[in-house]
2 protein chains.
Amino acid sequence: MKSKILVVDDEPDALEVLGFKLKEAGYTPIFAKDGARAITAARDERPALIVLDLMLPEIDGLEVCKILRHDPATAMIPVIMLTARAAEMDRVLGLELGADDYVTKPFSPRELVLRIKKLLARVKAADEPVAQLRFGDLEIDVPRHQVLVAGESIVLTATEFKLLEILARRRGRVQTRERLLQDVWGYENPIDSRTVDTHMRRLREKIGGAARYLETIRGVGYRFTADAP
Amino acid sequence: MKSKILVVDDEPDALEVLGFKLKEAGYTPIFAKDGARAITAARDERPALIVLDLMLPEIDGLEVCKILRHDPATAMIPVIMLTARAAEMDRVLGLELGADDYVTKPFSPRELVLRIKKLLARVKAADEPVAQLRFGDLEIDVPRHQVLVAGESIVLTATEFKLLEILARRRGRVQTRERLLQDVWGYENPIDSRTVDTHMRRLREKIGGAARYLETIRGVGYRFTADAP
DNA sequence: CGCGGCCGTCACCGGATTGTAACAGCCACC
DNA sequence: GGTGGCTGTTACAATCCGGTGACGGCCGCG
């Protein structure tokens with residue numbers, strides 16, 4: 001089962017080189033030479049990953065990235081951005097415009113392939129469906145949609161439950177409000193990021209003592225802190 | 001993918017020798033014979049590194065360096081300075097803006113190529129979006145937003161953390177206050193550059209012993225000093 | 001239709017954070 | 001050894017940020 005990789009670049013030479021290297025590495029490359037084609041290709045072909053040049057004619061890479069993220073059909077596909085300058089990386093990664101990794105030009109195809117492997121492995125691992133999350137006296141049963149604190153069943157609303165689940169799955173790593181809005185609420189409606197605070201408050205209130213796992217990282221976001229179960 | 005190296009010298013002989021050696025080492029050399037051409041070449045060609053003679057007709061090397069550093073398009077490109085006398089080197093590295101390394105004339109091309117390799121490796125390492133930075137007893141975990149010094153968790157504010165992260169990522173290269181303001185605080189904020197000093201102090205205070213990695217370069221800015229992890 | 005639960009938004013507050021000024025100490029250079 | 005500029009240090013006020021309480025809209029349900 002070969003993974004499809006969509007490569008988006010306006011330079012035919014770059015496409016050819018990358019295509020060859022990707023085949024060599026056991027992937028099935030598909031191509032797009034501008035932003036519009038990239039979007040339709042992503043929707044139709046459902047590639048496992050997208051390599052996206054930042055500099056594109058008409059629609060630039062960041063815009064493409066945003067559009068891909070907005071569409072539920074393509075929102076989950078990881079994106080590696082190609083940037084000409086390291087200085088642009090802040091915009092790509094920092095501003096949370098949705099790229100998962102980036103490589104600065106000029107790059108070695110070998111390095112890019114390595115990044116692709118790594119990112120695909122990461123996504124696969126993150127998808128790993130663990131039904132039962134346990135941390136000390138906090139138990140989260142995903143299929144049953146039930147939370148137990150010290151054996152007591154706690155009734156959470158859908159939003160609260162998803163918020164807790166996502167934080168618990170990504171335990172240890174800080175999640176920004178934007179990230180949480182994207183993953184808990186979905187990207188459809190532009191929602192005030194302060195709303196996250198309110199739901200955190202309600203969540204903390206309900207789970208009582210177990211709220212100690214939910215840390216606030218001032219100026220950044222929230223973090224679930226617990227030893228591995 | 002070959003890295004472009006811009007060589008700036010007013011002696012054609014030197015250009016020829018260096019060009020040959022650089023090709024031999026697998027780089028793509030491009031040339032400029034005076035300061036003005038060097039600046040336009042740097043902007044247009046985006047070389048991965050610049051080798052810059054200090055003694056140039058009209059605009060001298062230091063001036064060129066300053067101009068390059070001032071332009072966001074070229075500010076990130078590392079510069080190796082060629083100086084006739086060792087005595088000038090302290091001005092190059094210490095007092096004046098921005099060279100990342102220097103070689104005294106007469107030099108062996110082999111040595112210069114070695115320096116180039118080393119500097120490029122350093123810059124590339126700084127670009128890596130690795131999550132975990134480790135230097136001796138200092139550990140920086142970006143996704144966790146956590147810093148450990150000798151195993152002890154240190155609580156940093158968002159600004160302090162970003163400042164430390166950026167310095168650590170660009171380890172070995174001096175960062176001017178202006179650059180730090182741009183990259184830590186963002187481009188649009190009109191902030192007094194002395195503010196950086198205060199945050200550096202707070203940072204040093206908090207990380208205690210690990211503050212030895214944070215060097216002050218008088219008249220220029222700050223530098224994170226550590227061997228590659 | 002009324003009701004209650006859920007959700008998003010707002011306003012306010014207290015405290016942490018941060019930018020700045022002022023001053024002191026140090027360093028390089030003369 | 002003096003001097004001027006640069007950096008470290010301290011203190012303080014302004015600002016920012018997140019917690020909290022309250023409110024109104026929406027929706028499903030009886």
# chains A, B, ... in the order shown; residues from 1 in each chain; ligands from 1
call {"tool": "closest_atom_pairs", "arguments": {"of": "chain C", "to": "stretch 170-194 of chain B", "cutoff": "12 Å", "atoms": "only C-alpha atoms (C1' of nucleotides)", "output": "tab-separated table"}}
result
residue	atom	partner	partner_atom	distance
C:DT18	C1'	B:Ile191	CA	11.3
C:DG19	C1'	B:Ile191	CA	7.8
C:DT20	C1'	B:Asp192	CA	8.0
C:DA21	C1'	B:Arg194	CA	10.7
call {"tool": "write_last_selection", "arguments": {"atoms": "C-alpha atoms (C1' of nucleotides)", "output": "PDB file, in the first residue's frame"}}
result
ATOM      1  C1'  DT C  18       6.257  43.567  31.047  1.00  0.00           C
ATOM      2  C1'  DG C  19       8.133  48.052  29.268  1.00  0.00           C
ATOM      3  C1'  DT C  20      10.670  51.931  30.830  1.00  0.00           C
ATOM      4  C1'  DA C  21      13.247  55.126  33.502  1.00  0.00           C
TER       5       DA C  21
END
call {"tool": "closest_atom_pairs", "arguments": {"of": "chain C", "to": "stretch 3-11 of chain D", "cutoff": "9 Å", "atoms": "only C-alpha atoms (C1' of nucleotides)", "output": "JSON lines"}}
result
{"residue": "C:DA22", "atom": "C1'", "partner": "D:DT10", "partner_atom": "C1'", "distance": 8.9}
{"residue": "C:DC23", "atom": "C1'", "partner": "D:DT10", "partner_atom": "C1'", "distance": 8.4}
{"residue": "C:DA24", "atom": "C1'", "partner": "D:DT9", "partner_atom": "C1'", "distance": 7.8}
{"residue": "C:DG25", "atom": "C1'", "partner": "D:DG8", "partner_atom": "C1'", "distance": 7.6}
{"residue": "C:DC26", "atom": "C1'", "partner": "D:DT7", "partner_atom": "C1'", "distance": 7.9}
{"residue": "C:DC27", "atom": "C1'", "partner": "D:DC6", "partner_atom": "C1'", "distance": 8.2}
{"residue": "C:DC30", "atom": "C1'", "partner": "D:DT3", "partner_atom": "C1'", "distance": 8.5}
call {"tool": "interface_residues", "arguments": {"of": "chain B", "to": "chain A", "cutoff": "10 Å", "atoms": "only C-alpha atoms", "output": "VMD selection string"}}
result
chain B and resid 1 to 4 46 to 48 72 to 77 123 to 124 126 to 129 141 to 146 155 to 159 183 to 184 186
call {"tool": "select_by_dssp", "arguments": {"residues": "stretch 7-63 of chain B", "states": "helix (DSSP H, G or I)", "output": "ChimeraX atom specification"}}
result
/B:12-24,35-45,61-63
call {"tool": "calpha_fit_and_write", "arguments": {"fixed": "chain A", "moving": "chain B", "output": "mmCIF file with C-alpha atoms, in the first residue's frame"}}
result
data_model
loop_
_atom_site.group_PDB
_atom_site.id
_atom_site.type_symbol
_atom_site.label_atom_id
_atom_site.label_comp_id
_atom_site.auth_asym_id
_atom_site.auth_seq_id
_atom_site.Cartn_x
_atom_site.Cartn_y
_atom_site.Cartn_z
ATOM 1 C CA MET B 1 -2.190 0.647 0.298
ATOM 2 C CA LYS B 2 0.206 3.527 -0.357
ATOM 3 C CA SER B 3 -0.366 6.941 1.148
ATOM 4 C CA LYS B 4 -0.425 9.874 -1.215
ATOM 5 C CA ILE B 5 1.869 12.772 -0.347
ATOM 6 C CA LEU B 6 1.366 16.125 -2.032
ATOM 7 C CA VAL B 7 4.612 18.046 -2.494
ATOM 8 C CA VAL B 8 4.356 21.765 -3.259
ATOM 9 C CA ASP B 9 7.471 23.581 -4.448
ATOM 10 C CA ASP B 10 8.272 25.898 -7.315
ATOM 11 C CA GLU B 11 11.670 24.335 -8.012
ATOM 12 C CA PRO B 12 11.423 21.332 -10.331
ATOM 13 C CA ASP B 13 14.694 19.936 -8.983
ATOM 14 C CA ALA B 14 13.375 19.805 -5.459
ATOM 15 C CA LEU B 15 10.220 18.056 -6.636
ATOM 16 C CA GLU B 16 12.223 15.455 -8.468
ATOM 17 C CA VAL B 17 14.492 14.637 -5.561
ATOM 18 C CA LEU B 18 11.643 14.481 -3.091
ATOM 19 C CA GLY B 19 9.490 12.450 -5.429
ATOM 20 C CA PHE B 20 12.215 9.859 -5.745
ATOM 21 C CA LYS B 21 12.805 9.641 -2.042
ATOM 22 C CA LEU B 22 9.126 9.387 -1.254
ATOM 23 C CA LYS B 23 8.625 6.564 -3.736
ATOM 24 C CA GLU B 24 11.615 4.846 -2.216
ATOM 25 C CA ALA B 25 9.971 5.152 1.170
ATOM 26 C CA GLY B 26 6.784 3.564 -0.140
ATOM 27 C CA TYR B 27 4.620 6.627 -0.649
ATOM 28 C CA THR B 28 2.890 7.864 -3.786
ATOM 29 C CA PRO B 29 4.051 11.420 -4.433
ATOM 30 C CA ILE B 30 1.969 13.937 -6.321
ATOM 31 C CA PHE B 31 3.140 17.417 -7.177
ATOM 32 C CA ALA B 32 2.106 21.030 -7.459
ATOM 33 C CA LYS B 33 4.307 23.929 -8.439
ATOM 34 C CA ASP B 34 2.298 26.814 -7.060
ATOM 35 C CA GLY B 35 -0.270 27.618 -4.442
ATOM 36 C CA ALA B 36 -3.364 27.541 -6.619
ATOM 37 C CA ARG B 37 -2.528 24.119 -8.004
ATOM 38 C CA ALA B 38 -1.713 22.905 -4.524
ATOM 39 C CA ILE B 39 -5.186 23.791 -3.303
ATOM 40 C CA THR B 40 -7.027 22.112 -6.151
ATOM 41 C CA ALA B 41 -4.760 19.074 -5.922
ATOM 42 C CA ALA B 42 -5.397 18.794 -2.195
ATOM 43 C CA ARG B 43 -9.134 18.944 -2.737
ATOM 44 C CA ASP B 44 -9.220 16.497 -5.629
ATOM 45 C CA GLU B 45 -6.613 13.975 -4.599
ATOM 46 C CA ARG B 46 -7.091 13.994 -0.839
ATOM 47 C CA PRO B 47 -3.458 13.312 -0.027
ATOM 48 C CA ALA B 48 -2.633 11.864 3.369
ATOM 49 C CA LEU B 49 -0.146 14.674 3.979
ATOM 50 C CA ILE B 50 1.131 17.850 2.342
ATOM 51 C CA VAL B 51 4.718 19.077 2.147
ATOM 52 C CA LEU B 52 4.510 22.792 1.506
ATOM 53 C CA ASP B 53 7.260 25.234 0.623
ATOM 54 C CA LEU B 54 6.846 28.533 2.414
ATOM 55 C CA MET B 55 8.194 30.570 -0.490
ATOM 56 C CA LEU B 56 5.920 30.219 -3.460
ATOM 57 C CA PRO B 57 5.138 32.541 -6.367
ATOM 58 C CA GLU B 58 1.878 34.496 -6.085
ATOM 59 C CA ILE B 59 0.232 32.811 -3.102
ATOM 60 C CA ASP B 60 2.732 32.033 -0.387
ATOM 61 C CA GLY B 61 2.782 28.905 1.719
ATOM 62 C CA LEU B 62 1.129 30.385 4.773
ATOM 63 C CA GLU B 63 -1.744 31.622 2.703
ATOM 64 C CA VAL B 64 -2.138 28.207 1.139
ATOM 65 C CA CYS B 65 -2.113 26.670 4.587
ATOM 66 C CA LYS B 66 -4.830 28.988 5.793
ATOM 67 C CA ILE B 67 -6.998 28.259 2.794
ATOM 68 C CA LEU B 68 -6.551 24.525 3.253
ATOM 69 C CA ARG B 69 -7.471 24.834 6.895
ATOM 70 C CA HIS B 70 -10.549 26.804 6.093
ATOM 71 C CA ASP B 71 -11.986 24.201 3.736
ATOM 72 C CA PRO B 72 -13.589 21.320 5.632
ATOM 73 C CA ALA B 73 -12.523 18.958 2.848
ATOM 74 C CA THR B 74 -8.860 19.609 3.495
ATOM 75 C CA ALA B 75 -8.788 20.937 7.028
ATOM 76 C CA MET B 76 -7.734 17.644 8.513
ATOM 77 C CA ILE B 77 -4.754 17.016 6.238
ATOM 78 C CA PRO B 78 -1.486 17.491 8.115
ATOM 79 C CA VAL B 79 1.000 19.957 6.654
ATOM 80 C CA ILE B 80 4.781 20.006 6.893
ATOM 81 C CA MET B 81 6.229 23.377 5.998
ATOM 82 C CA LEU B 82 9.580 23.911 4.301
ATOM 83 C CA THR B 83 11.241 27.129 5.378
ATOM 84 C CA ALA B 84 14.469 28.689 4.194
ATOM 85 C CA ARG B 85 15.439 30.044 7.578
ATOM 86 C CA ALA B 86 14.959 28.768 11.083
ATOM 87 C CA ALA B 87 13.903 32.252 12.081
ATOM 88 C CA GLU B 88 10.675 31.867 10.149
ATOM 89 C CA MET B 89 9.672 28.736 11.957
ATOM 90 C CA ASP B 90 8.068 30.390 14.938
ATOM 91 C CA ARG B 91 5.742 32.230 12.631
ATOM 92 C CA VAL B 92 4.911 29.003 10.901
ATOM 93 C CA LEU B 93 4.164 26.959 13.982
ATOM 94 C CA GLY B 94 3.161 29.610 16.460
ATOM 95 C CA LEU B 95 1.632 32.694 15.047
ATOM 96 C CA GLU B 96 0.130 31.707 11.778
ATOM 97 C CA LEU B 97 -2.404 29.084 11.100
ATOM 98 C CA GLY B 98 -1.974 25.481 11.135
ATOM 99 C CA ALA B 99 1.262 23.848 10.037
ATOM 100 C CA ASP B 100 1.891 20.680 12.009
ATOM 101 C CA ASP B 101 5.636 20.500 11.594
ATOM 102 C CA TYR B 102 8.393 22.215 9.687
ATOM 103 C CA VAL B 103 11.797 21.481 8.187
ATOM 104 C CA THR B 104 14.405 24.129 7.464
ATOM 105 C CA LYS B 105 16.196 24.268 4.146
ATOM 106 C CA PRO B 106 18.610 22.882 3.312
ATOM 107 C CA PHE B 107 17.290 19.599 4.641
ATOM 108 C CA SER B 108 18.127 15.991 4.144
ATOM 109 C CA PRO B 109 15.367 14.074 2.386
ATOM 110 C CA ARG B 110 15.891 11.327 4.911
ATOM 111 C CA GLU B 111 14.960 13.684 7.713
ATOM 112 C CA LEU B 112 11.884 14.856 5.871
ATOM 113 C CA VAL B 113 10.740 11.299 5.282
ATOM 114 C CA LEU B 114 11.209 10.581 8.960
ATOM 115 C CA ARG B 115 9.083 13.564 9.867
ATOM 116 C CA ILE B 116 6.430 12.456 7.431
ATOM 117 C CA LYS B 117 6.324 8.984 8.938
ATOM 118 C CA LYS B 118 6.076 10.374 12.409
ATOM 119 C CA LEU B 119 3.318 12.818 11.561
ATOM 120 C CA LEU B 120 1.286 10.217 9.685
ATOM 121 C CA ALA B 121 1.614 7.820 12.594
ATOM 122 C CA ARG B 122 0.425 10.527 14.938
ATOM 123 C CA VAL B 123 -2.590 11.360 12.832
ATOM 124 C CA LYS B 124 -3.480 7.719 12.418
ATOM 125 C CA ALA B 125 -3.190 7.159 16.137
ATOM 126 C CA ALA B 126 -5.586 10.026 16.659
ATOM 127 C CA ASP B 127 -8.118 8.354 14.399
ATOM 128 C CA GLU B 128 -8.107 5.111 16.301
ATOM 129 C CA PRO B 129 -11.432 4.708 17.999
ATOM 130 C CA VAL B 130 -9.684 3.340 21.047
ATOM 131 C CA ALA B 131 -11.838 3.490 24.083
ATOM 132 C CA GLN B 132 -9.105 4.058 26.593
ATOM 133 C CA LEU B 133 -6.702 6.967 26.323
ATOM 134 C CA ARG B 134 -3.843 7.068 28.818
ATOM 135 C CA PHE B 135 -1.192 9.711 29.290
ATOM 136 C CA GLY B 136 0.838 9.404 32.435
ATOM 137 C CA ASP B 137 -1.523 10.079 35.299
ATOM 138 C CA LEU B 138 -4.419 11.029 33.046
ATOM 139 C CA GLU B 139 -6.859 8.334 31.983
ATOM 140 C CA ILE B 140 -9.819 8.891 29.702
ATOM 141 C CA ASP B 141 -12.328 6.074 29.408
ATOM 142 C CA VAL B 142 -14.750 6.945 26.650
ATOM 143 C CA PRO B 143 -17.453 4.252 26.998
ATOM 144 C CA ARG B 144 -17.512 4.716 30.750
ATOM 145 C CA HIS B 145 -17.480 8.448 30.279
ATOM 146 C CA GLN B 146 -15.023 8.692 33.089
ATOM 147 C CA VAL B 147 -11.762 10.547 33.626
ATOM 148 C CA LEU B 148 -9.156 9.589 36.188
ATOM 149 C CA VAL B 149 -6.320 11.850 37.268
ATOM 150 C CA ALA B 150 -3.742 10.041 39.383
ATOM 151 C CA GLY B 151 -6.342 7.402 40.115
ATOM 152 C CA GLU B 152 -8.919 9.901 41.328
ATOM 153 C CA SER B 153 -12.192 10.006 39.455
ATOM 154 C CA ILE B 154 -12.982 13.446 38.058
ATOM 155 C CA VAL B 155 -16.518 14.492 37.244
ATOM 156 C CA LEU B 156 -16.727 16.326 33.941
ATOM 157 C CA THR B 157 -19.760 17.692 32.170
ATOM 158 C CA ALA B 158 -20.609 16.346 28.724
ATOM 159 C CA THR B 159 -19.037 19.315 26.972
ATOM 160 C CA GLU B 160 -15.859 19.248 29.009
ATOM 161 C CA PHE B 161 -15.479 15.552 28.398
ATOM 162 C CA LYS B 162 -15.854 15.851 24.658
ATOM 163 C CA LEU B 163 -13.451 18.755 24.534
ATOM 164 C CA LEU B 164 -10.831 16.776 26.418
ATOM 165 C CA GLU B 165 -11.422 13.692 24.323
ATOM 166 C CA ILE B 166 -11.014 15.499 21.033
ATOM 167 C CA LEU B 167 -7.888 17.298 22.142
ATOM 168 C CA ALA B 168 -6.404 14.057 23.419
ATOM 169 C CA ARG B 169 -7.230 12.183 20.238
ATOM 170 C CA ARG B 170 -5.606 14.897 18.150
ATOM 171 C CA ARG B 171 -2.685 15.191 20.507
ATOM 172 C CA GLY B 172 0.313 17.026 19.167
ATOM 173 C CA ARG B 173 -1.701 19.044 16.675
ATOM 174 C CA VAL B 174 -2.956 22.516 17.360
ATOM 175 C CA GLN B 175 -6.725 22.808 17.251
ATOM 176 C CA THR B 176 -8.103 26.223 16.422
ATOM 177 C CA ARG B 177 -11.094 27.493 18.331
ATOM 178 C CA GLU B 178 -13.137 27.215 15.189
ATOM 179 C CA ARG B 179 -12.229 23.572 14.745
ATOM 180 C CA LEU B 180 -13.056 22.804 18.337
ATOM 181 C CA LEU B 181 -16.377 24.586 18.029
ATOM 182 C CA GLN B 182 -17.126 22.508 14.993
ATOM 183 C CA ASP B 183 -16.155 19.179 16.474
ATOM 184 C CA VAL B 184 -17.253 19.597 20.071
ATOM 185 C CA TRP B 185 -20.288 21.774 19.669
ATOM 186 C CA GLY B 186 -21.396 20.714 16.205
ATOM 187 C CA TYR B 187 -21.421 22.541 12.927
ATOM 188 C CA GLU B 188 -24.630 24.480 13.016
ATOM 189 C CA ASN B 189 -24.294 26.223 16.352
ATOM 190 C CA PRO B 190 -23.347 29.865 15.969
ATOM 191 C CA ILE B 191 -21.284 30.204 19.126
ATOM 192 C CA ASP B 192 -18.738 32.774 20.225
ATOM 193 C CA SER B 193 -15.266 31.299 19.935
ATOM 194 C CA ARG B 194 -14.312 32.852 23.263
ATOM 195 C CA THR B 195 -16.601 30.291 24.818
ATOM 196 C CA VAL B 196 -13.908 27.720 24.169
ATOM 197 C CA ASP B 197 -11.589 29.619 26.507
ATOM 198 C CA THR B 198 -14.042 29.415 29.349
ATOM 199 C CA HIS B 199 -14.540 25.715 28.912
ATOM 200 C CA MET B 200 -10.807 25.205 28.721
ATOM 201 C CA ARG B 201 -10.479 27.009 32.016
ATOM 202 C CA ARG B 202 -13.118 24.868 33.673
ATOM 203 C CA LEU B 203 -11.535 21.766 32.261
ATOM 204 C CA ARG B 204 -8.087 22.758 33.495
ATOM 205 C CA GLU B 205 -9.454 23.578 36.893
ATOM 206 C CA LYS B 206 -11.154 20.224 37.237
ATOM 207 C CA ILE B 207 -8.339 18.004 36.076
ATOM 208 C CA GLY B 208 -5.823 19.839 38.234
ATOM 209 C CA GLY B 209 -2.281 18.633 37.665
ATOM 210 C CA ALA B 210 -3.148 16.985 34.388
ATOM 211 C CA ALA B 211 -3.844 20.437 32.972
ATOM 212 C CA ARG B 212 -0.175 20.547 32.039
ATOM 213 C CA TYR B 213 -1.093 18.516 28.956
ATOM 214 C CA LEU B 214 -3.319 21.323 27.718
ATOM 215 C CA GLU B 215 -1.195 23.943 26.021
ATOM 216 C CA THR B 216 -2.298 27.320 24.783
ATOM 217 C CA ILE B 217 -0.874 28.283 21.397
ATOM 218 C CA ARG B 218 -1.180 32.000 21.350
ATOM 219 C CA GLY B 219 -2.983 33.377 18.340
ATOM 220 C CA VAL B 220 -4.028 29.950 17.141
ATOM 221 C CA GLY B 221 -5.751 27.707 19.625
ATOM 222 C CA TYR B 222 -5.034 24.828 21.969
ATOM 223 C CA ARG B 223 -2.982 21.670 21.859
ATOM 224 C CA PHE B 224 -2.810 18.489 23.872
ATOM 225 C CA THR B 225 0.831 17.655 24.436
ATOM 226 C CA ALA B 226 1.897 14.179 25.425
ATOM 227 C CA ASP B 227 4.038 11.350 24.220
ATOM 228 C CA ALA B 228 2.236 8.441 22.657
ATOM 229 C CA PRO B 229 0.674 6.328 25.374
#
call {"tool": "residues_around", "arguments": {"residues": "D:DA22", "least_positions_apart": "2", "cutoff": "10 Å", "atoms": "only C-alpha atoms (C1' of nucleotides)", "output": "ChimeraX atom specification"}}
result
/C:10-11 /D:20,24
call {"tool": "write_last_selection", "arguments": {"atoms": "C-alpha atoms (C1' of nucleotides)", "output": "PDB file, in the first residue's frame"}}
result
ATOM      1  C1'  DC C  10     -19.154  40.131  27.571  1.00  0.00           C
ATOM      2  C1'  DA C  11     -17.511  42.775  31.440  1.00  0.00           C
TER       3       DA C  11
ATOM      4  C1'  DT D  20     -15.145  34.334  37.142  1.00  0.00           C
ATOM      5  C1'  DG D  24     -28.951  35.882  26.207  1.00  0.00           C
TER       6       DG D  24
END
call {"tool": "atom_distance", "arguments": {"atom1": "atom C1' of C:DT17", "atom2": "atom C1' of D:DG21"}}
result
24.6 Å
call {"tool": "atom_distance", "arguments": {"atom1": "atom C1' of C:DC12", "atom2": "atom C1' of D:DG25"}}
result
22.2 Å
call {"tool": "atom_distance", "arguments": {"atom1": "atom C1' of D:DA14", "atom2": "atom C1' of C:DG14"}}
result
14.7 Å
call {"tool": "residues_around", "arguments": {"residues": "D:DG28", "least_positions_apart": "2", "cutoff": "10 Å", "atoms": "only C-alpha atoms (C1' of nucleotides)", "output": "PyMOL selection string"}}
result
(chain C and resi 4-5) or (chain D and resi 26+30)
call {"tool": "select_by_dssp", "arguments": {"residues": "stretch 1-225 of chain A", "states": "strand (DSSP E or B)", "output": "mmCIF file with C-alpha atoms, in the first residue's frame"}}
result
data_model
loop_
_atom_site.group_PDB
_atom_site.id
_atom_site.type_symbol
_atom_site.label_atom_id
_atom_site.label_comp_id
_atom_site.auth_asym_id
_atom_site.auth_seq_id
_atom_site.Cartn_x
_atom_site.Cartn_y
_atom_site.Cartn_z
ATOM 1 C CA LYS A 4 0.277 9.159 -2.141
ATOM 2 C CA ILE A 5 2.260 12.366 -1.776
ATOM 3 C CA LEU A 6 1.044 15.535 -3.446
ATOM 4 C CA VAL A 7 3.864 17.851 -4.486
ATOM 5 C CA VAL A 8 3.004 21.450 -5.283
ATOM 6 C CA THR A 28 3.345 7.478 -5.185
ATOM 7 C CA PRO A 29 3.889 11.119 -6.131
ATOM 8 C CA ILE A 30 1.203 13.242 -7.694
ATOM 9 C CA PHE A 31 1.740 16.798 -8.822
ATOM 10 C CA ALA A 32 0.198 20.229 -9.000
ATOM 11 C CA LEU A 49 0.741 14.180 2.778
ATOM 12 C CA ILE A 50 1.291 17.415 0.866
ATOM 13 C CA VAL A 51 4.587 19.106 0.039
ATOM 14 C CA LEU A 52 3.780 22.720 -0.636
ATOM 15 C CA ASP A 53 5.980 25.471 -2.002
ATOM 16 C CA VAL A 79 1.570 19.684 5.066
ATOM 17 C CA ILE A 80 5.289 20.250 4.693
ATOM 18 C CA MET A 81 6.086 23.745 3.511
ATOM 19 C CA LEU A 82 9.028 24.664 1.310
ATOM 20 C CA THR A 83 10.367 28.113 2.090
ATOM 21 C CA ASP A 101 6.816 21.061 9.209
ATOM 22 C CA TYR A 102 8.919 23.016 6.800
ATOM 23 C CA VAL A 103 12.140 22.720 4.843
ATOM 24 C CA THR A 104 14.200 25.659 3.691
ATOM 25 C CA GLN A 132 -9.429 4.140 27.641
ATOM 26 C CA LEU A 133 -7.359 6.934 29.130
ATOM 27 C CA ARG A 134 -6.413 6.624 32.792
ATOM 28 C CA PHE A 135 -4.490 9.025 34.969
ATOM 29 C CA LEU A 138 -9.253 10.211 36.383
ATOM 30 C CA GLU A 139 -10.680 7.781 33.880
ATOM 31 C CA ILE A 140 -11.837 8.708 30.398
ATOM 32 C CA ASP A 141 -13.788 6.122 28.474
ATOM 33 C CA GLN A 146 -18.018 8.645 30.196
ATOM 34 C CA VAL A 147 -15.642 10.163 32.708
ATOM 35 C CA LEU A 148 -14.938 8.816 36.175
ATOM 36 C CA VAL A 149 -13.201 10.782 38.900
ATOM 37 C CA GLU A 152 -17.636 8.706 40.609
ATOM 38 C CA SER A 153 -19.295 9.154 37.243
ATOM 39 C CA ILE A 154 -19.152 12.724 35.985
ATOM 40 C CA GLN A 175 -2.184 23.427 23.317
ATOM 41 C CA THR A 176 -2.845 26.988 22.252
ATOM 42 C CA LEU A 214 -5.297 20.851 33.697
ATOM 43 C CA GLU A 215 -2.573 23.463 33.793
ATOM 44 C CA THR A 216 -2.751 26.996 32.485
ATOM 45 C CA ILE A 217 0.404 28.140 30.710
ATOM 46 C CA GLY A 221 -2.457 28.002 26.331
ATOM 47 C CA TYR A 222 -3.398 24.914 28.344
ATOM 48 C CA ARG A 223 -1.638 21.677 29.141
ATOM 49 C CA PHE A 224 -2.676 18.335 30.537
#
call {"tool": "interface_residues", "arguments": {"of": "chain C", "to": "chain A", "cutoff": "10 Å", "atoms": "only C-alpha atoms (C1' of nucleotides)", "output": "ChimeraX atom specification"}}
result
/C:5-9,16-17
call {"tool": "interface_residues", "arguments": {"of": "chain D", "to": "chain A", "cutoff": "8 Å", "atoms": "only C-alpha atoms (C1' of nucleotides)", "output": "number ranges by chain"}}
result
D: 17-19
